>>> print(open('my_file_22.cif').read())   # mmCIF, C-alpha atoms
data_query
#
loop_
_atom_site.label_atom_id
_atom_site.label_comp_id
_atom_site.auth_asym_id
_atom_site.auth_seq_id
_atom_site.Cartn_x
_atom_site.Cartn_y
_atom_site.Cartn_z
CA MET A 129 0.00 0.00 0.00
CA THR A 130 1.43 3.34 -1.08
CA VAL A 131 1.01 6.32 1.21
CA ALA A 132 1.02 9.72 -0.46
CA LEU A 133 3.27 12.11 1.35
CA PRO A 134 2.23 15.75 1.50
CA ARG A 135 4.08 17.96 -0.90
CA PRO A 136 6.37 20.43 0.73
CA GLY A 137 5.11 24.00 0.42
CA PRO A 138 7.16 26.99 -0.59
CA PRO A 139 9.79 27.92 1.96
CA GLN A 140 8.75 30.63 4.32
CA ARG A 141 10.45 33.96 3.94
CA ARG A 142 13.00 34.72 6.57
CA LEU A 143 12.83 38.15 8.05
CA VAL A 144 16.17 39.89 7.87
CA THR A 145 16.67 42.21 10.77
CA GLU A 146 19.50 44.70 10.91
CA VAL A 147 21.29 44.77 14.22
CA LEU A 148 23.50 47.82 14.47
CA SER A 149 26.58 47.80 16.59
CA ARG A 150 27.20 50.46 19.18
CA ALA A 151 29.58 52.29 16.87
CA ASP A 152 27.03 52.26 14.03
CA ARG A 153 24.30 53.60 16.27
CA ALA A 154 26.57 56.35 17.52
CA PHE A 155 27.59 57.25 13.98
CA ARG A 156 23.97 57.38 12.85
CA ARG A 157 23.06 59.68 15.73
CA VAL A 158 25.99 61.99 15.01
CA THR A 159 25.27 62.26 11.28
CA THR A 160 21.54 62.72 11.85
CA GLY A 161 22.21 65.39 14.46
CA ALA A 162 24.63 67.19 12.14
CA GLY A 163 22.10 67.20 9.32
CA LEU A 164 19.31 68.48 11.55
CA ALA A 165 21.64 71.11 13.00
CA MET A 166 22.48 72.43 9.52
CA LEU A 167 18.78 72.55 8.64
CA ALA A 168 18.05 74.40 11.89
CA ILE A 169 20.83 76.91 11.16
CA LEU A 170 19.39 77.62 7.70
CA VAL A 171 15.93 78.13 9.18
CA VAL A 172 17.30 80.47 11.86
CA ILE A 173 19.21 82.49 9.25
CA GLY A 174 16.09 82.75 7.11
CA PHE A 175 13.90 83.96 9.99
CA PHE A 176 16.60 86.41 11.10
CA LEU A 177 16.79 87.93 7.61
CA ILE A 178 13.01 88.13 7.36
CA TYR A 179 12.80 89.86 10.74
CA ARG A 180 15.54 92.40 9.98
CA ALA A 181 14.19 93.03 6.46
CA GLY A 182 10.74 93.94 7.78
CA PRO A 183 11.24 97.75 7.82
CA ALA A 184 12.56 97.72 4.23
CA PHE A 185 9.64 95.67 2.95
CA GLY A 186 7.27 97.88 4.93
CA THR A 187 8.71 101.01 3.29
CA SER A 188 9.01 99.78 -0.30
CA GLY A 189 6.43 97.00 -0.43
CA PHE A 190 6.46 94.95 -3.61
CA GLY A 191 8.34 97.80 -5.27
CA PHE A 192 11.45 96.51 -3.56
CA PHE A 193 11.60 93.77 -6.22
CA THR A 194 10.87 96.05 -9.19
CA THR A 195 12.95 99.14 -8.33
CA ILE A 196 16.46 99.48 -9.76
CA ARG A 197 17.72 102.29 -7.53
CA PHE A 198 18.99 101.58 -4.02
CA ASP A 199 19.28 104.81 -2.04
CA ALA A 200 18.29 104.57 1.60
CA ALA A 201 18.98 108.30 2.17
CA SER A 202 16.05 109.21 -0.08
CA GLY A 203 13.93 106.28 1.06
CA VAL A 204 14.19 104.43 -2.26
CA LEU A 205 15.05 100.77 -1.86
CA GLY A 206 15.16 98.34 -4.76
CA VAL A 207 16.95 95.08 -5.43
CA LEU A 208 16.30 94.72 -9.16
CA GLY A 209 19.52 96.43 -10.28
CA LEU A 210 21.60 94.45 -7.78
CA LEU A 211 19.92 91.17 -8.73
CA TYR A 212 20.44 91.88 -12.43
CA GLY A 213 24.17 92.39 -11.97
CA THR A 214 24.40 89.29 -9.79
CA VAL A 215 22.76 87.11 -12.42
CA VAL A 216 24.76 88.61 -15.31
CA VAL A 217 28.11 88.09 -13.59
CA ALA A 218 27.13 84.54 -12.61
CA LEU A 219 25.99 83.67 -16.16
CA ILE A 220 29.22 85.04 -17.64
CA ALA A 221 31.20 82.95 -15.15
CA ILE A 222 29.20 79.80 -15.94
CA GLY A 223 29.43 80.42 -19.69
CA ILE A 224 33.23 80.45 -19.44
CA ALA A 225 33.73 77.82 -16.72
CA VAL A 226 31.40 75.03 -17.87
CA PRO A 227 32.98 74.34 -21.30
CA LEU A 228 36.45 74.42 -19.73
CA SER A 229 35.28 72.14 -16.92
CA VAL A 230 33.82 69.59 -19.32
CA LEU A 231 37.01 69.52 -21.39
CA ALA A 232 39.21 69.30 -18.29
CA ALA A 233 37.07 66.50 -16.80
CA LEU A 234 37.20 64.55 -20.07
CA TYR A 235 40.96 64.90 -20.31
CA ILE A 236 41.55 63.88 -16.69
CA THR A 237 39.15 60.93 -16.88
CA GLU A 238 39.80 59.56 -20.34
CA TYR A 239 42.98 60.88 -21.94
CA SER A 240 45.56 61.47 -19.20
CA SER A 241 47.87 58.78 -17.85
CA GLY A 242 47.60 57.42 -14.30
CA ARG A 243 50.33 59.55 -12.73
CA LEU A 244 49.29 62.70 -14.59
CA ARG A 245 45.65 62.04 -13.69
CA GLY A 246 46.43 62.12 -9.98
CA PHE A 247 48.47 65.30 -10.33
CA LEU A 248 45.77 67.11 -12.32
CA THR A 249 43.05 65.99 -9.91
CA GLY A 250 44.98 67.39 -6.96
CA LEU A 251 45.77 70.58 -8.87
CA VAL A 252 42.12 71.22 -9.69
CA ASP A 253 41.10 70.56 -6.09
CA LEU A 254 43.88 72.87 -4.91
CA LEU A 255 42.45 75.76 -6.93
CA ALA A 256 39.38 75.68 -4.70
CA ALA A 257 41.58 76.40 -1.66
CA ILE A 258 42.84 79.76 -2.97
CA PRO A 259 41.09 82.58 -1.05
CA SER A 260 38.69 84.69 -3.07
CA LEU A 261 40.51 87.82 -1.85
CA LEU A 262 43.59 86.77 -3.82
CA TYR A 263 41.48 86.20 -6.93
CA GLY A 264 40.00 89.66 -6.52
CA LEU A 265 43.34 91.39 -6.01
CA TRP A 266 44.84 89.52 -8.96
CA GLY A 267 41.90 90.45 -11.15
CA PHE A 268 41.94 94.09 -10.04
CA SER A 269 45.68 94.70 -10.42
CA PHE A 270 46.66 92.39 -13.29
CA VAL A 271 43.80 90.80 -15.26
CA GLY A 272 41.64 93.92 -15.54
CA PRO A 273 44.24 96.09 -17.31
CA LYS A 274 45.17 93.15 -19.57
CA ILE A 275 41.56 92.42 -20.55
CA ALA A 276 40.63 96.06 -21.20
CA PRO A 277 42.28 96.07 -24.68
CA VAL A 278 40.39 92.86 -25.50
CA SER A 279 37.13 94.53 -24.53
CA GLN A 280 38.07 97.51 -26.70
CA TRP A 281 38.73 95.19 -29.65
CA LEU A 282 35.41 93.43 -29.18
CA THR A 283 33.50 96.71 -29.20
CA ASP A 284 35.39 97.97 -32.25
CA ASN A 285 34.74 94.83 -34.30
CA PHE A 286 31.47 93.49 -32.91
CA GLY A 287 29.83 96.62 -31.56
CA TRP A 288 26.73 95.89 -33.69
CA PHE A 289 25.93 93.10 -31.19
CA PRO A 290 24.10 94.59 -28.16
CA LEU A 291 26.28 92.84 -25.56
CA PHE A 292 29.44 94.27 -27.14
CA ALA A 293 28.13 97.80 -27.65
CA HIS A 294 29.34 100.68 -25.50
CA LYS A 295 28.65 104.29 -24.79
CA ASP A 296 30.85 107.15 -25.92
CA ASN A 297 34.08 107.63 -23.94
CA ALA A 298 33.41 104.45 -22.00
CA LEU A 299 36.02 102.85 -19.76
CA PHE A 300 36.68 99.11 -20.11
CA ILE A 301 37.94 98.37 -16.62
CA ASN A 302 35.87 97.23 -13.63
CA SER A 303 33.24 95.74 -15.92
CA MET A 304 30.84 92.85 -15.41
CA PHE A 305 32.74 90.93 -18.10
CA ILE A 306 36.00 91.12 -16.15
CA ALA A 307 34.20 90.23 -12.91
CA GLY A 308 32.58 87.23 -14.59
CA LEU A 309 35.94 86.12 -15.96
CA ILE A 310 37.53 86.14 -12.51
CA VAL A 311 34.55 84.41 -10.90
CA SER A 312 34.71 81.73 -13.60
CA LEU A 313 38.18 80.77 -12.35
CA MET A 314 36.72 80.39 -8.86
CA VAL A 315 33.83 78.28 -10.16
CA LEU A 316 36.07 76.05 -12.28
CA PRO A 317 37.25 73.67 -9.49
CA ILE A 318 33.71 72.88 -8.28
CA THR A 319 32.24 72.20 -11.71
CA THR A 320 35.28 70.20 -12.84
CA SER A 321 35.25 68.00 -9.72
CA VAL A 322 31.54 67.17 -10.03
CA ILE A 323 31.69 66.48 -13.77
CA ARG A 324 34.85 64.40 -13.38
CA GLU A 325 33.26 62.20 -10.71
CA VAL A 326 30.24 61.54 -12.94
CA PHE A 327 32.40 60.78 -15.99
CA ALA A 328 34.44 58.34 -13.87
CA GLN A 329 31.26 56.35 -13.17
CA THR A 330 30.62 55.61 -16.85
CA PRO A 331 30.20 51.80 -17.21
CA PRO A 332 33.46 50.41 -18.66
CA GLY A 333 31.51 47.77 -20.59
CA GLU A 334 29.69 50.38 -22.63
CA LYS A 335 32.91 52.23 -23.40
CA GLU A 336 34.67 49.04 -24.44
CA ALA A 337 31.68 47.97 -26.54
CA ALA A 338 31.73 51.26 -28.44
CA LEU A 339 35.45 50.91 -29.13
CA ALA A 340 35.03 47.24 -30.12
CA LEU A 341 32.40 48.21 -32.70
CA GLY A 342 34.95 50.45 -34.42
CA SER A 343 34.20 53.77 -32.77
CA THR A 344 36.98 56.30 -32.36
CA ARG A 345 37.90 57.63 -28.95
CA TRP A 346 36.00 60.83 -29.62
CA GLY A 347 33.05 58.83 -30.96
CA MET A 348 32.96 56.83 -27.73
CA VAL A 349 33.11 60.03 -25.67
CA ARG A 350 30.33 61.61 -27.73
CA THR A 351 27.97 58.63 -27.76
CA VAL A 352 28.66 57.09 -24.32
CA MET A 353 30.36 59.41 -21.83
CA LEU A 354 28.62 62.69 -22.63
CA PRO A 355 25.07 61.20 -22.57
CA PHE A 356 25.88 59.33 -19.35
CA GLY A 357 27.32 62.45 -17.73
CA ARG A 358 24.57 64.84 -18.84
CA GLY A 359 23.08 64.96 -15.36
CA GLY A 360 26.48 65.59 -13.81
CA ILE A 361 27.21 68.40 -16.26
CA ILE A 362 23.91 70.09 -15.44
CA GLY A 363 24.30 69.51 -11.71
CA GLY A 364 27.90 70.72 -11.66
CA SER A 365 26.93 73.79 -13.65
CA MET A 366 24.17 74.66 -11.20
CA LEU A 367 26.45 74.14 -8.21
CA GLY A 368 28.93 76.47 -9.87
CA LEU A 369 26.10 78.91 -10.51
CA GLY A 370 25.26 78.90 -6.80
CA ARG A 371 28.92 79.57 -6.02
CA ALA A 372 29.05 82.44 -8.53
CA LEU A 373 25.85 84.03 -7.23
CA GLY A 374 27.22 84.28 -3.71
CA GLU A 375 30.75 85.47 -4.48
CA THR A 376 31.49 88.56 -2.41
CA ILE A 377 35.07 89.76 -1.95
CA ALA A 378 36.26 89.45 -5.54
CA VAL A 379 33.27 91.27 -7.06
CA SER A 380 33.39 93.96 -4.36
CA LEU A 381 36.91 94.78 -5.58
CA LEU A 382 36.20 94.44 -9.30
CA LEU A 383 32.90 96.32 -9.67
CA PRO A 384 32.01 99.94 -8.72
CA GLN A 385 28.78 98.59 -7.09
CA VAL A 386 26.40 100.99 -8.84
CA PRO A 387 22.95 99.34 -9.23
CA GLU A 388 21.84 99.53 -12.85
CA ILE A 389 20.39 97.49 -15.69
CA THR A 390 22.50 97.67 -18.84
CA THR A 391 23.47 95.42 -21.71
CA HIS A 392 26.95 97.03 -21.93
CA ILE A 393 28.80 94.32 -20.05
CA LEU A 394 32.23 95.33 -21.36
CA GLN A 395 32.29 98.84 -19.97
CA PHE A 396 32.75 100.27 -16.49
CA GLY A 397 29.79 99.65 -14.18
CA GLY A 398 27.65 97.02 -12.52
CA SER A 399 26.99 95.66 -9.07
CA THR A 400 26.01 92.47 -7.27
CA ILE A 401 24.01 91.87 -4.12
CA SER A 402 26.86 90.37 -2.14
CA GLY A 403 29.39 92.94 -3.31
CA TYR A 404 27.07 95.83 -2.53
CA ILE A 405 26.39 94.47 0.95
CA ALA A 406 30.14 94.09 1.58
CA ASN A 407 30.88 97.66 0.47
CA ASN A 408 28.07 99.07 2.64
CA SER A 409 28.43 96.83 5.68
CA GLY A 410 28.64 99.82 8.06
CA ALA A 411 25.10 101.00 7.26
CA SER A 412 22.43 101.39 9.92
CA GLY A 413 18.71 102.04 10.20
CA LEU A 414 16.67 101.72 7.03
CA ALA A 415 19.80 101.17 4.90
CA LEU A 416 20.76 98.16 7.02
CA SER A 417 17.25 96.77 6.73
CA GLY A 418 17.45 97.19 2.96
CA LEU A 419 20.73 95.29 2.88
CA MET A 420 19.13 92.53 4.96
CA ALA A 421 16.26 92.36 2.50
CA ALA A 422 18.67 92.12 -0.42
CA GLY A 423 20.55 89.40 1.44
CA LEU A 424 17.28 87.53 1.93
CA VAL A 425 16.62 87.61 -1.81
CA LEU A 426 20.11 86.26 -2.50
CA PHE A 427 19.71 83.64 0.25
CA VAL A 428 16.48 82.26 -1.23
CA PHE A 429 17.80 82.41 -4.80
CA THR A 430 21.05 80.61 -3.97
CA LEU A 431 19.31 78.03 -1.77
CA ALA A 432 16.88 77.18 -4.56
CA THR A 433 19.74 76.86 -7.06
CA ASN A 434 21.77 74.55 -4.82
CA PHE A 435 18.73 72.43 -3.97
CA THR A 436 17.92 71.96 -7.65
CA ALA A 437 21.53 71.04 -8.34
CA SER A 438 21.51 68.44 -5.54
CA VAL A 439 18.39 66.82 -6.99
CA ILE A 440 19.93 66.64 -10.46
CA ILE A 441 23.18 65.17 -9.15
CA SER A 442 21.28 62.56 -7.12
CA ARG A 443 19.33 61.54 -10.21
CA SER A 444 22.51 61.23 -12.24
CA ARG A 445 24.16 59.03 -9.59
CA SER A 446 21.13 56.72 -9.39
CA GLY A 447 21.05 56.39 -13.15
CA ALA A 448 17.74 58.16 -13.58
CA GLY A 449 17.38 60.22 -16.69
CA VAL A 450 20.33 58.56 -18.44
CA ASP A 451 19.70 57.38 -21.95
CA ALA A 452 20.10 53.70 -22.54
#
>>> encode(input="my_file_22.cif", output="structure tokens")
Amino acid sequence: MTVALPRPGPPQRRLVTEVLSRADRAFRRVTTGAGLAMLAILVVIGFFLIYRAGPAFGTSGFGFFTTIRFDAASGVLGVLGLLYGTVVVALIAIGIAVPLSVLAALYITEYSSGRLRGFLTGLVDLLAAIPSLLYGLWGFSFVGPKIAPVSQWLTDNFGWFPLFAHKDNALFINSMFIAGLIVSLMVLPITTSVIREVFAQTPPGEKEAALALGSTRWGMVRTVMLPFGRGGIIGGSMLGLGRALGETIAVSLLLPQVPEITTHILQFGGSTISGYIANNSGASGLALSGLMAAGLVLFVFTLATNFTASVIISRSRSGAGVDA
């Protein structure tokens, strides 16, 4: 007589529980506390700026955001001229720094040898350690006078283009173009480091497959590395933009800090929020409140830029948004 044995059912799932050691628990508490502390500091700074900017907003109202002139003595407070110069200088810096950063990251990652790669990586990171004061002094005393003839040549030959036009008897020193050029050198290490890290994460199999199919080195870079690193390029550019928006000492030395809106970026003039605040740091009363309000605008603008850049970089690291 044959007895049918019951068939074994599917194995039960085993619950995997994570048991952290004492060191891991301590590390988690420290890192969590540090993150919450930084968030708390940002919130406190924001509320402090809002509180101190109250009198300026009460005096100017919404006109604070649409007025170009900033003159606390006459009761006229406006951030539009300062914000315009801040954005223009930052865009000039990004327009110069990003192409150079992409080329430098490609060379370090793909074309340089092992020993040279380490040297160039350290050199690029070392550029970020140079104080902005030195960049500003160098730009004011050396680069500015050297770039002025270039600006003159651009206006003489391409003056029909609005950005290269100039007024009669214009000076070509202490311009937004020169300030953007100096700030681009300060942005270069950040953007290059971010883009290089993303390029280094390109799957070797895809690179080797492109070369095995007969692609040239440049063809492999164009069809594999650049599409893979698109998120890193955008994220690095936006991080550099946040750095350029908040630059203070260099632009305070390079620009006359006169709030205005002009397309003549090659001639004398221009201002930024941070540079104007630095040059007028001894103000009091309504002028100080106006500077606090301008700082609040810059704080929110820079915070939004850096947050967007962090999201883009996180997506690029997780592989989201990368073409197959």
>>> atom_distance(input="my_file_22.cif", atom1="atom CA of Val171 of chain A", atom2="atom CA of Val311 of chain A")
28.1 Å
>>> atom_distance(input="my_file_22.cif", atom1="atom CA of Met366 of chain A", atom2="atom CA of Leu313 of chain A")
15.3 Å
>>> residues_around(input="my_file_22.cif", residues="Gly191 of chain A", least_positions_apart="2", cutoff="10 Å", atoms="all atoms listed in the file", output="PyMOL selection string")
chain A and resi 185+187-189+193-196+204-208
>>> write_last_selection(input="my_file_22.cif", atoms="C-alpha atoms", output="short mmCIF file (atom, residue, chain, number, x, y, z; two decimals), in the frame of the given file")
data_model
loop_
_atom_site.label_atom_id
_atom_site.label_comp_id
_atom_site.auth_asym_id
_atom_site.auth_seq_id
_atom_site.Cartn_x
_atom_site.Cartn_y
_atom_site.Cartn_z
CA PHE A 185 9.64 95.67 2.95
CA THR A 187 8.71 101.01 3.29
CA SER A 188 9.01 99.78 -0.30
CA GLY A 189 6.43 97.00 -0.43
CA PHE A 193 11.60 93.77 -6.22
CA THR A 194 10.87 96.05 -9.19
CA THR A 195 12.95 99.14 -8.33
CA ILE A 196 16.46 99.48 -9.76
CA VAL A 204 14.19 104.43 -2.26
CA LEU A 205 15.05 100.77 -1.86
CA GLY A 206 15.16 98.34 -4.76
CA VAL A 207 16.95 95.08 -5.43
CA LEU A 208 16.30 94.72 -9.16
#
>>> resolve_selection(input="my_file_22.cif", expression="the PyMOL selection byres ((chain A and resi 265) around 12)", output="PDB file with C-alpha atoms, in the coordinates of the input")
ATOM      1  CA  PRO A 259      41.090  82.580  -1.050  1.00  0.00           C
ATOM      2  CA  SER A 260      38.690  84.690  -3.070  1.00  0.00           C
ATOM      3  CA  LEU A 261      40.510  87.820  -1.850  1.00  0.00           C
ATOM      4  CA  LEU A 262      43.590  86.770  -3.820  1.00  0.00           C
ATOM      5  CA  TYR A 263      41.480  86.200  -6.930  1.00  0.00           C
ATOM      6  CA  GLY A 264      40.000  89.660  -6.520  1.00  0.00           C
ATOM      7  CA  TRP A 266      44.840  89.520  -8.960  1.00  0.00           C
ATOM      8  CA  GLY A 267      41.900  90.450 -11.150  1.00  0.00           C
ATOM      9  CA  PHE A 268      41.940  94.090 -10.040  1.00  0.00           C
ATOM     10  CA  SER A 269      45.680  94.700 -10.420  1.00  0.00           C
ATOM     11  CA  PHE A 270      46.660  92.390 -13.290  1.00  0.00           C
ATOM     12  CA  VAL A 271      43.800  90.800 -15.260  1.00  0.00           C
ATOM     13  CA  GLY A 272      41.640  93.920 -15.540  1.00  0.00           C
ATOM     14  CA  ALA A 307      34.200  90.230 -12.910  1.00  0.00           C
ATOM     15  CA  ILE A 310      37.530  86.140 -12.510  1.00  0.00           C
ATOM     16  CA  ILE A 377      35.070  89.760  -1.950  1.00  0.00           C
ATOM     17  CA  ALA A 378      36.260  89.450  -5.540  1.00  0.00           C
ATOM     18  CA  VAL A 379      33.270  91.270  -7.060  1.00  0.00           C
ATOM     19  CA  SER A 380      33.390  93.960  -4.360  1.00  0.00           C
ATOM     20  CA  LEU A 381      36.910  94.780  -5.580  1.00  0.00           C
ATOM     21  CA  LEU A 382      36.200  94.440  -9.300  1.00  0.00           C
TER      22      LEU A 382
END
>>> closest_residue(input="my_file_22.cif", among="A:Phe396, A:Phe176, A:Phe435, A:Tyr404", to="Lys295 of chain A", atoms="all atoms listed in the file")
A:Phe396
>>> closest_residue(input="my_file_22.cif", among="A:Trp288, A:Tyr179, A:Phe192, A:Phe327", to="Gly364 of chain A", atoms="all atoms listed in the file")
A:Phe327
>>> resolve_selection(input="my_file_22.cif", expression="the PyMOL selection byres ((chain A and resi 314) around 10)", output="PyMOL selection string")
chain A and resi 221+225+255-260+263+308-313+315-319+368+371-372+375+378
>>> atom_distance(input="my_file_22.cif", atom1="atom CA of Tyr239 of chain A", atom2="atom CA of Arg345 of chain A")
9.2 Å
>>> resolve_selection(input="my_file_22.cif", expression="the PyMOL selection byres ((chain A and resi 413) around 12)", output="ChimeraX atom specification")
/A:180-184,200-201,203,409-412,414-420
>>> closest_residue(input="my_file_22.cif", among="A:Ile361, A:Met348, A:Leu211, A:Ala233", to="Ala328 of chain A", atoms="only C-alpha atoms")
A:Ala233
>>> residues_around(input="my_file_22.cif", residues="Thr351 of chain A", least_positions_apart="2", cutoff="12 Å", atoms="all atoms listed in the file", output="ChimeraX atom specification")
/A:330,334-335,337-339,343-349,353-358,451-452
>>> closest_residue(input="my_file_22.cif", among="A:Ala165, A:Val226, A:Leu373, A:Ile362", to="Tyr212 of chain A", atoms="all atoms listed in the file")
A:Leu373
